Amino acid sequence: MTQLELYHIHMRLHWILATAIACFFVAPVHRVYAQTLDPHLHHLRHGLDREWDDFPADAEGQTTRITFQSRTNDTEETLRLRHRDLRLTWDVLLNGKRLATLPQEENAMVTLLAIPPHALREGENDIQIVCTSPAPDADDILVGGVELLHRPVKDLTSESTVEVTVTDADTHHATPCRLTVVNPDNDLVPLGVESSETLAVRTGVVYTATGRATLRLPAGHYTLYANRGFEWSLATKELDPHRGANDPINLSIRREVDTTGYVAADAHIHTFTYSHHGDATLAERMITLAGEGIELPIATDHNLTIDYEDAAKSANVRQFFAPVIGDEVTTAKLGHFNVFPLEKTAKLIDFRAPTWERLFADITDKAPNAVVILNHARDDHGGFRPFDPRRHLALTGEDTDGQTLRANAMEVFNSGATLNDPLLLYRDWMGCLNRGLRLTPIGASDSHDVSRFIVGQGRTYVRVDDADPAHVNIANAVNAIKQGRVLVSYGLLADLKVNNQFHPADLAQVTADTVTVEVTVAGPAWTRATNVALYANGQKIQEFPIDNDHAARPGIKSRITWQLPKPTHDCYLTAVATGPGLTAPYWPGARPFQRTSPHWQPYTFACTAPVFLDADSSGTFDSAFDYATRIVEKSDAKLDAVLSDLAPYDAAVAAQAASILHAHGTLDTPQSIDAAANRAAAPATREGLAAFAKAWREHEAAVAKPAPK
């Protein structure tokens, strides 16, 4: 080799080395880490009918297929995609093989799916997203924004670290709470942290038992929310963590809703550990209860008696609540009933009983002093709906199939099984009160999950000493629930006071010519109340709109006082407040579990148990059914005499009288009831009879309609 050739080789090596050094220090070598496969969100539909009318009338299809060019992957890579409103099972197929099942999650989120080595092939590949659920139910979803990331999932979710501490702004102590992390599209984002002794984690959500959490997440821009259920404020922080960051974040929240004298109860709680659906393990459930501020959690796994005591101590959250052992008696054809308190060793209630009579007899035998709650009475389980119009007349609270409800409470709101109509169960409950059934109204969550359905979102406030949540007197709380000393809450809280002294469940002696009624509506700053109404015997008698300025403030949102004329007979008063629903990711409300319409308007809801007015000074309360029974018996079921005697009474009494006359055969058809209404002199009598005729027609139409398969 000549000297000149050696010189050229030397200069070439020098140039290569200099270029490498320059690239290292000046401009790093660029590597493509992301490949956008489809930037768009696609509207897919399973089933023939549109699920919700906020989706377009026509979907793009039942499945979507994406083709792309790639090289074979020697190491794990990641598929990133966005989705929302997944209620059924949707699978992601890569080259015809199932890569993963997407989370059954209605909330908007980003999902990262691991692509195993060699799953990608050289050349053309394809991805399909398809519903694999055998159910014929409709499911409208949005899915897309698909990217191929040439890095493992763990690397992506560990790019940056954020140390978060949340304290009570008044005590300055760290407090259990929920942390929610979303991207600029408001999607819940994947996190590189897992559930532990102090954390319950899902995509974009971390419940912390200690108020502290180390968040690991991809570099990017995010919004972090911290809250602790209904009573507390919301803290917000913008995050912009870069790769390798380890930023400390300190947030504070404070109690905004004064619930002194009440404990927050959730009477319908499940775990995956024992109910085997949903996703919250027993350990995770303890953390979520503390994080949502539930002070009286009732364990109600299906046909089991579960004690939270040891699990709460293991999670070091026992100081935040007093657990109660219960059982959701889950029958095949008779509905579901929560029963508590129970002993851990108690014999199981016979959930295979063939009739309500046998079922309630067994409950009475094994738990004679228990609270017995009729759950989600409008939901179909096993082809049976307790308040199906085929067997139940909601107006008069009567069952037409010969069975008798012997519960002492019922859910008027279930946040895990919401209804299109927020007041449907509330009206059902008032119909039962008019029938003489003393049912305590219950709000509950029916949560089986860490995040999809939030525990304690629907809740019941029980009037009992709340000075020490860890030592709530269970016997006193149970008695208060049975007596009806409760308020029902879903994003709002309503309270009722009569003559400045009588509270829900009290019997108010009415001697003056007027009755003073005060209704208070409260909530945190992040919920709004827009309307409050007052009902007497199920009839709306007052209503008040809440202005925007008051609706958005923390604490008391409205306090209204009404002066009512003294009723001519006993009746009960109850108040209800409503407002727009929550769709924000830090406390989103769920769409209906079993929809009755494609139209969905989110809402908040609160109601009170009744204050009973003793207007006839008998010392006891007479229901609408009691009055109607005496009127019909006095007249020997003679129609003209009944119509005359009904004149001083309200429409609820008239409707009950029509029901009794119908049972007697005096009014045997809807047409005969219409004719009787036309003959009545008093407007309230006409209204009550006409309402019963309408209810009976709806019952006949439901009976004539083929039962759903």
# chains A, B, ... in the order shown; residues from 1 in each chain; ligands from 1
$ select_by_dssp --residues "region 401-532 of chain A" --states "alpha helix (DSSP H)" --output "ChimeraX atom specification"
/A:424-434,474-483
$ write_last_selection --atoms "N, CA and C atoms" --output "PDB file, in the first residue's frame"
ATOM      1  N   LEU A 424     -87.593   8.494  38.008  1.00  0.00           N
ATOM      2  CA  LEU A 424     -88.475   7.337  37.859  1.00  0.00           C
ATOM      3  C   LEU A 424     -88.581   6.536  39.150  1.00  0.00           C
ATOM      4  N   LEU A 425     -87.451   6.140  39.734  1.00  0.00           N
ATOM      5  CA  LEU A 425     -87.500   5.370  40.981  1.00  0.00           C
ATOM      6  C   LEU A 425     -88.007   6.219  42.137  1.00  0.00           C
ATOM      7  N   TYR A 426     -87.732   7.507  42.097  1.00  0.00           N
ATOM      8  CA  TYR A 426     -88.233   8.426  43.126  1.00  0.00           C
ATOM      9  C   TYR A 426     -89.762   8.434  43.117  1.00  0.00           C
ATOM     10  N   ARG A 427     -90.361   8.489  41.923  1.00  0.00           N
ATOM     11  CA  ARG A 427     -91.833   8.442  41.826  1.00  0.00           C
ATOM     12  C   ARG A 427     -92.355   7.072  42.233  1.00  0.00           C
ATOM     13  N   ASP A 428     -91.636   6.008  41.839  1.00  0.00           N
ATOM     14  CA  ASP A 428     -92.038   4.663  42.268  1.00  0.00           C
ATOM     15  C   ASP A 428     -92.097   4.580  43.789  1.00  0.00           C
ATOM     16  N   TRP A 429     -91.073   5.127  44.417  1.00  0.00           N
ATOM     17  CA  TRP A 429     -90.986   5.095  45.881  1.00  0.00           C
ATOM     18  C   TRP A 429     -92.151   5.854  46.513  1.00  0.00           C
ATOM     19  N   MET A 430     -92.492   7.028  45.969  1.00  0.00           N
ATOM     20  CA  MET A 430     -93.608   7.785  46.534  1.00  0.00           C
ATOM     21  C   MET A 430     -94.927   7.045  46.346  1.00  0.00           C
ATOM     22  N   GLY A 431     -95.077   6.309  45.254  1.00  0.00           N
ATOM     23  CA  GLY A 431     -96.270   5.482  45.078  1.00  0.00           C
ATOM     24  C   GLY A 431     -96.376   4.426  46.164  1.00  0.00           C
ATOM     25  N   CYS A 432     -95.232   3.835  46.540  1.00  0.00           N
ATOM     26  CA  CYS A 432     -95.229   2.847  47.626  1.00  0.00           C
ATOM     27  C   CYS A 432     -95.585   3.494  48.959  1.00  0.00           C
ATOM     28  N   LEU A 433     -95.069   4.710  49.214  1.00  0.00           N
ATOM     29  CA  LEU A 433     -95.433   5.420  50.438  1.00  0.00           C
ATOM     30  C   LEU A 433     -96.938   5.663  50.485  1.00  0.00           C
ATOM     31  N   ASN A 434     -97.518   6.041  49.365  1.00  0.00           N
ATOM     32  CA  ASN A 434     -98.964   6.262  49.327  1.00  0.00           C
ATOM     33  C   ASN A 434     -99.737   4.977  49.607  1.00  0.00           C
ATOM     34  N   ILE A 474     -72.878   1.184  64.921  1.00  0.00           N
ATOM     35  CA  ILE A 474     -73.571   0.470  63.841  1.00  0.00           C
ATOM     36  C   ILE A 474     -75.046   0.266  64.173  1.00  0.00           C
ATOM     37  N   ALA A 475     -75.340  -0.096  65.417  1.00  0.00           N
ATOM     38  CA  ALA A 475     -76.735  -0.319  65.807  1.00  0.00           C
ATOM     39  C   ALA A 475     -77.552   0.957  65.640  1.00  0.00           C
ATOM     40  N   ASN A 476     -76.986   2.080  66.062  1.00  0.00           N
ATOM     41  CA  ASN A 476     -77.694   3.357  65.908  1.00  0.00           C
ATOM     42  C   ASN A 476     -77.881   3.710  64.435  1.00  0.00           C
ATOM     43  N   ALA A 477     -76.856   3.448  63.634  1.00  0.00           N
ATOM     44  CA  ALA A 477     -76.952   3.754  62.208  1.00  0.00           C
ATOM     45  C   ALA A 477     -78.019   2.888  61.538  1.00  0.00           C
ATOM     46  N   VAL A 478     -78.051   1.612  61.885  1.00  0.00           N
ATOM     47  CA  VAL A 478     -79.054   0.708  61.309  1.00  0.00           C
ATOM     48  C   VAL A 478     -80.457   1.166  61.695  1.00  0.00           C
ATOM     49  N   ASN A 479     -80.645   1.530  62.964  1.00  0.00           N
ATOM     50  CA  ASN A 479     -81.959   2.011  63.398  1.00  0.00           C
ATOM     51  C   ASN A 479     -82.346   3.292  62.664  1.00  0.00           C
ATOM     52  N   ALA A 480     -81.373   4.183  62.468  1.00  0.00           N
ATOM     53  CA  ALA A 480     -81.668   5.427  61.755  1.00  0.00           C
ATOM     54  C   ALA A 480     -82.091   5.147  60.316  1.00  0.00           C
ATOM     55  N   ILE A 481     -81.442   4.175  59.678  1.00  0.00           N
ATOM     56  CA  ILE A 481     -81.823   3.822  58.310  1.00  0.00           C
ATOM     57  C   ILE A 481     -83.226   3.233  58.291  1.00  0.00           C
ATOM     58  N   LYS A 482     -83.512   2.333  59.207  1.00  0.00           N
ATOM     59  CA  LYS A 482     -84.844   1.722  59.246  1.00  0.00           C
ATOM     60  C   LYS A 482     -85.928   2.759  59.518  1.00  0.00           C
ATOM     61  N   GLN A 483     -85.615   3.756  60.336  1.00  0.00           N
ATOM     62  CA  GLN A 483     -86.586   4.806  60.640  1.00  0.00           C
ATOM     63  C   GLN A 483     -86.735   5.807  59.500  1.00  0.00           C
TER      64      GLN A 483
END
$ closest_residue --among "A:Glu122, A:Asp421, A:Asp388, A:Glu398" --to "Asn95 (chain A)" --atoms "only C-alpha atoms"
A:Glu122
$ residues_around --residues "Phe320 (chain A)" --least-positions-apart "4" --cutoff "9 Å" --atoms "only C-alpha atoms" --output "list in words"
Leu289, Ala290, Gly293, Ile294, Glu295, Asp468, Pro469 and Ala470 of chain A
$ write_last_selection --atoms "C-alpha atoms" --output "PDB file, in the first residue's frame"
ATOM      1  CA  LEU A 289     -63.587   3.734  50.085  1.00  0.00           C
ATOM      2  CA  ALA A 290     -61.105   5.968  51.918  1.00  0.00           C
ATOM      3  CA  GLY A 293     -64.876   9.551  51.805  1.00  0.00           C
ATOM      4  CA  ILE A 294     -67.330   6.723  52.554  1.00  0.00           C
ATOM      5  CA  GLU A 295     -67.708   6.399  56.337  1.00  0.00           C
ATOM      6  CA  ASP A 468     -65.464   9.547  64.796  1.00  0.00           C
ATOM      7  CA  PRO A 469     -65.979   7.718  61.466  1.00  0.00           C
ATOM      8  CA  ALA A 470     -63.940   4.738  62.693  1.00  0.00           C
TER       9      ALA A 470
END
$ atom_distance --atom1 "CA of Arg352 (chain A)" --atom2 "CA of His336 (chain A)"
11.6 Å
$ residues_around --residues "region 181-193 of chain A" --least-positions-apart "6" --cutoff "6 Å" --atoms "only C-alpha atoms" --output "list in words"
Ala108, Met109, Val110, Thr157, Ser158, Thr203, Gly204, Arg216, Leu217, Tyr222, Thr223 and Leu224 of chain A
$ write_last_selection --atoms "C-alpha atoms" --output "PDB file, in the first residue's frame"
ATOM      1  CA  ALA A 108     -62.430   8.331  27.028  1.00  0.00           C
ATOM      2  CA  MET A 109     -58.976   6.822  27.401  1.00  0.00           C
ATOM      3  CA  VAL A 110     -55.710   5.883  25.739  1.00  0.00           C
ATOM      4  CA  THR A 157     -44.948   4.591  30.720  1.00  0.00           C
ATOM      5  CA  SER A 158     -41.761   5.193  32.680  1.00  0.00           C
ATOM      6  CA  THR A 203     -55.737   3.855  33.411  1.00  0.00           C
ATOM      7  CA  GLY A 204     -55.480   7.534  34.309  1.00  0.00           C
ATOM      8  CA  ARG A 216     -44.818   7.344  36.200  1.00  0.00           C
ATOM      9  CA  LEU A 217     -46.083   8.295  32.784  1.00  0.00           C
ATOM     10  CA  TYR A 222     -51.322  16.503  31.171  1.00  0.00           C
ATOM     11  CA  THR A 223     -53.905  17.781  33.623  1.00  0.00           C
ATOM     12  CA  LEU A 224     -53.873  16.312  37.115  1.00  0.00           C
TER      13      LEU A 224
END
$ residues_around --residues "His392 (chain A)" --least-positions-apart "6" --cutoff "10 Å" --atoms "only C-alpha atoms" --output "ChimeraX atom specification"
/A:385-386,398-401,428,695-696,699
$ residues_around --residues "Ala657 (chain A)" --least-positions-apart "2" --cutoff "7 Å" --atoms "only C-alpha atoms" --output "MDAnalysis selection string"
chainID A and resid 628:629 632 653:655 659:661
$ write_last_selection --atoms "C-alpha atoms" --output "PDB file, in the first residue's frame"
ATOM      1  CA  ALA A 628    -109.012   5.479  50.890  1.00  0.00           C
ATOM      2  CA  THR A 629    -109.659   2.168  52.638  1.00  0.00           C
ATOM      3  CA  VAL A 632    -114.522   2.760  50.607  1.00  0.00           C
ATOM      4  CA  VAL A 653    -106.088   9.331  48.119  1.00  0.00           C
ATOM      5  CA  ALA A 654    -108.406   9.330  45.094  1.00  0.00           C
ATOM      6  CA  ALA A 655    -106.016   7.115  43.119  1.00  0.00           C
ATOM      7  CA  SER A 659    -107.473   0.982  43.009  1.00  0.00           C
ATOM      8  CA  ILE A 660    -109.579  -0.418  45.849  1.00  0.00           C
ATOM      9  CA  LEU A 661    -112.815   0.001  43.872  1.00  0.00           C
TER      10      LEU A 661
END
$ select_by_dssp --residues "region 109-155 of chain A" --states "strand (DSSP E)" --output "ChimeraX atom specification"
/A:109-115,123-131,139-149
$ write_last_selection --atoms "N, CA and C atoms" --output "mmCIF file, in the first residue's frame"
data_model
loop_
_atom_site.group_PDB
_atom_site.id
_atom_site.type_symbol
_atom_site.label_atom_id
_atom_site.label_comp_id
_atom_site.auth_asym_id
_atom_site.auth_seq_id
_atom_site.Cartn_x
_atom_site.Cartn_y
_atom_site.Cartn_z
ATOM 1 N N MET A 109 -60.283 7.194 26.887
ATOM 2 C CA MET A 109 -58.976 6.822 27.401
ATOM 3 C C MET A 109 -58.042 6.426 26.272
ATOM 4 N N VAL A 110 -56.762 6.403 26.604
ATOM 5 C CA VAL A 110 -55.710 5.883 25.739
ATOM 6 C C VAL A 110 -55.301 4.524 26.267
ATOM 7 N N THR A 111 -55.168 3.555 25.361
ATOM 8 C CA THR A 111 -54.716 2.226 25.745
ATOM 9 C C THR A 111 -53.437 1.892 24.994
ATOM 10 N N LEU A 112 -52.473 1.329 25.707
ATOM 11 C CA LEU A 112 -51.227 0.844 25.122
ATOM 12 C C LEU A 112 -51.249 -0.676 25.138
ATOM 13 N N LEU A 113 -51.064 -1.285 23.959
ATOM 14 C CA LEU A 113 -51.092 -2.737 23.837
ATOM 15 C C LEU A 113 -49.709 -3.231 23.437
ATOM 16 N N ALA A 114 -49.210 -4.194 24.170
ATOM 17 C CA ALA A 114 -47.898 -4.760 23.869
ATOM 18 C C ALA A 114 -47.982 -5.663 22.642
ATOM 19 N N ILE A 115 -47.093 -5.431 21.675
ATOM 20 C CA ILE A 115 -46.966 -6.295 20.504
ATOM 21 C C ILE A 115 -45.775 -7.217 20.749
ATOM 22 N N GLY A 123 -43.365 -6.394 5.511
ATOM 23 C CA GLY A 123 -44.302 -5.995 4.465
ATOM 24 C C GLY A 123 -45.632 -5.554 5.044
ATOM 25 N N GLU A 124 -46.727 -5.996 4.435
ATOM 26 C CA GLU A 124 -48.052 -5.514 4.825
ATOM 27 C C GLU A 124 -48.562 -6.233 6.076
ATOM 28 N N ASN A 125 -49.091 -5.435 7.004
ATOM 29 C CA ASN A 125 -49.749 -5.930 8.212
ATOM 30 C C ASN A 125 -51.135 -5.307 8.283
ATOM 31 N N ASP A 126 -51.995 -5.905 9.085
ATOM 32 C CA ASP A 126 -53.310 -5.283 9.261
ATOM 33 C C ASP A 126 -53.789 -5.422 10.702
ATOM 34 N N ILE A 127 -54.554 -4.416 11.100
ATOM 35 C CA ILE A 127 -55.174 -4.372 12.427
ATOM 36 C C ILE A 127 -56.672 -4.280 12.225
ATOM 37 N N GLN A 128 -57.414 -5.078 12.969
ATOM 38 C CA GLN A 128 -58.871 -5.010 12.966
ATOM 39 C C GLN A 128 -59.363 -4.786 14.391
ATOM 40 N N ILE A 129 -60.414 -3.996 14.513
ATOM 41 C CA ILE A 129 -61.084 -3.783 15.803
ATOM 42 C C ILE A 129 -62.520 -4.239 15.612
ATOM 43 N N VAL A 130 -62.917 -5.255 16.370
ATOM 44 C CA VAL A 130 -64.196 -5.904 16.134
ATOM 45 C C VAL A 130 -64.837 -6.275 17.457
ATOM 46 N N CYS A 131 -66.169 -6.168 17.528
ATOM 47 C CA CYS A 131 -66.909 -6.580 18.716
ATOM 48 C C CYS A 131 -67.088 -8.087 18.694
ATOM 49 N N ASP A 139 -74.146 -1.194 20.764
ATOM 50 C CA ASP A 139 -72.984 -0.568 21.382
ATOM 51 C C ASP A 139 -72.333 0.349 20.357
ATOM 52 N N ASP A 140 -72.510 1.644 20.540
ATOM 53 C CA ASP A 140 -71.852 2.647 19.704
ATOM 54 C C ASP A 140 -70.551 3.054 20.367
ATOM 55 N N ILE A 141 -69.450 3.015 19.617
ATOM 56 C CA ILE A 141 -68.157 3.375 20.189
ATOM 57 C C ILE A 141 -67.401 4.303 19.248
ATOM 58 N N LEU A 142 -66.423 4.998 19.805
ATOM 59 C CA LEU A 142 -65.427 5.716 19.025
ATOM 60 C C LEU A 142 -64.082 5.081 19.311
ATOM 61 N N VAL A 143 -63.311 4.781 18.242
ATOM 62 C CA VAL A 143 -61.994 4.180 18.418
ATOM 63 C C VAL A 143 -61.103 4.611 17.259
ATOM 64 N N GLY A 144 -59.835 4.811 17.540
ATOM 65 C CA GLY A 144 -58.900 5.219 16.487
ATOM 66 C C GLY A 144 -57.675 5.877 17.073
ATOM 67 N N GLY A 145 -57.143 6.846 16.319
ATOM 68 C CA GLY A 145 -55.909 7.488 16.751
ATOM 69 C C GLY A 145 -54.811 6.467 16.950
ATOM 70 N N VAL A 146 -54.651 5.550 15.987
ATOM 71 C CA VAL A 146 -53.786 4.388 16.165
ATOM 72 C C VAL A 146 -52.351 4.728 15.760
ATOM 73 N N GLU A 147 -51.416 4.399 16.649
ATOM 74 C CA GLU A 147 -49.994 4.603 16.390
ATOM 75 C C GLU A 147 -49.223 3.334 16.725
ATOM 76 N N LEU A 148 -48.161 3.097 15.961
ATOM 77 C CA LEU A 148 -47.229 2.021 16.252
ATOM 78 C C LEU A 148 -45.980 2.653 16.853
ATOM 79 N N LEU A 149 -45.677 2.299 18.078
ATOM 80 C CA LEU A 149 -44.539 2.874 18.801
ATOM 81 C C LEU A 149 -43.465 1.807 18.920
#
$ closest_residue --among "A:Val532, A:Leu613, A:Ile269, A:Val455" --to "Gln509 (chain A)" --atoms "only C-alpha atoms"
A:Leu613
$ closest_atom_pairs --of "region 419-493 of chain A" --to "region 543-560 of chain A" --cutoff "12 Å" --atoms "only C-alpha atoms" --output "Markdown table"
| residue | atom | partner | partner_atom | distance |
| --- | --- | --- | --- | --- |
| A:Gly491 | CA | A:Gly555 | CA | 11.9 |
| A:Leu492 | CA | A:Lys557 | CA | 9.4 |
| A:Leu493 | CA | A:Ile556 | CA | 9.3 |
$ write_last_selection --atoms "N, CA and C atoms" --output "PDB file, in the first residue's frame"
ATOM      1  N   GLY A 491     -74.114  13.772  43.750  1.00  0.00           N
ATOM      2  CA  GLY A 491     -73.566  15.047  43.291  1.00  0.00           C
ATOM      3  C   GLY A 491     -74.186  16.263  43.940  1.00  0.00           C
ATOM      4  N   LEU A 492     -75.289  16.091  44.639  1.00  0.00           N
ATOM      5  CA  LEU A 492     -75.956  17.159  45.378  1.00  0.00           C
ATOM      6  C   LEU A 492     -76.441  16.588  46.706  1.00  0.00           C
ATOM      7  N   LEU A 493     -76.826  17.476  47.615  1.00  0.00           N
ATOM      8  CA  LEU A 493     -77.404  17.053  48.892  1.00  0.00           C
ATOM      9  C   LEU A 493     -78.551  17.992  49.222  1.00  0.00           C
TER      10      LEU A 493
END
$ residues_around --residues "Tyr225 (chain A)" --least-positions-apart "3" --cutoff "6 Å" --atoms "only C-alpha atoms" --output "number ranges by chain"
A: 179-180, 235-236
$ write_last_selection --atoms "N, CA and C atoms" --output "tab-separated table (two decimals), in the first residue's frame"
chain	number	residue	atom	x	y	z
A	179	LEU	N	-56.66	10.55	42.37
A	179	LEU	CA	-55.91	11.33	41.41
A	179	LEU	C	-56.33	10.91	40.01
A	180	THR	N	-56.58	11.86	39.13
A	180	THR	CA	-56.98	11.59	37.76
A	180	THR	C	-56.05	12.33	36.82
A	235	ALA	N	-58.86	19.92	43.29
A	235	ALA	CA	-57.60	20.61	43.00
A	235	ALA	C	-57.14	20.22	41.61
A	236	THR	N	-56.57	21.17	40.88
A	236	THR	CA	-56.15	20.95	39.50
A	236	THR	C	-54.72	21.45	39.31
$ closest_residue --among "A:Asp266, A:Asp310, A:Glu700, A:Glu194" --to "Ala213 (chain A)" --atoms "only C-alpha atoms"
A:Glu194
$ atom_distance --atom1 "CA of Lys566 (chain A)" --atom2 "CA of Asp645 (chain A)"
19.3 Å
$ atom_distance --atom1 "CA of Pro354 (chain A)" --atom2 "CA of Pro368 (chain A)"
20.1 Å
$ closest_residue --among "A:Val576, A:Ala100, A:Ala138, A:Ala209" --to "Ala59 (chain A)" --atoms "only C-alpha atoms"
A:Ala138
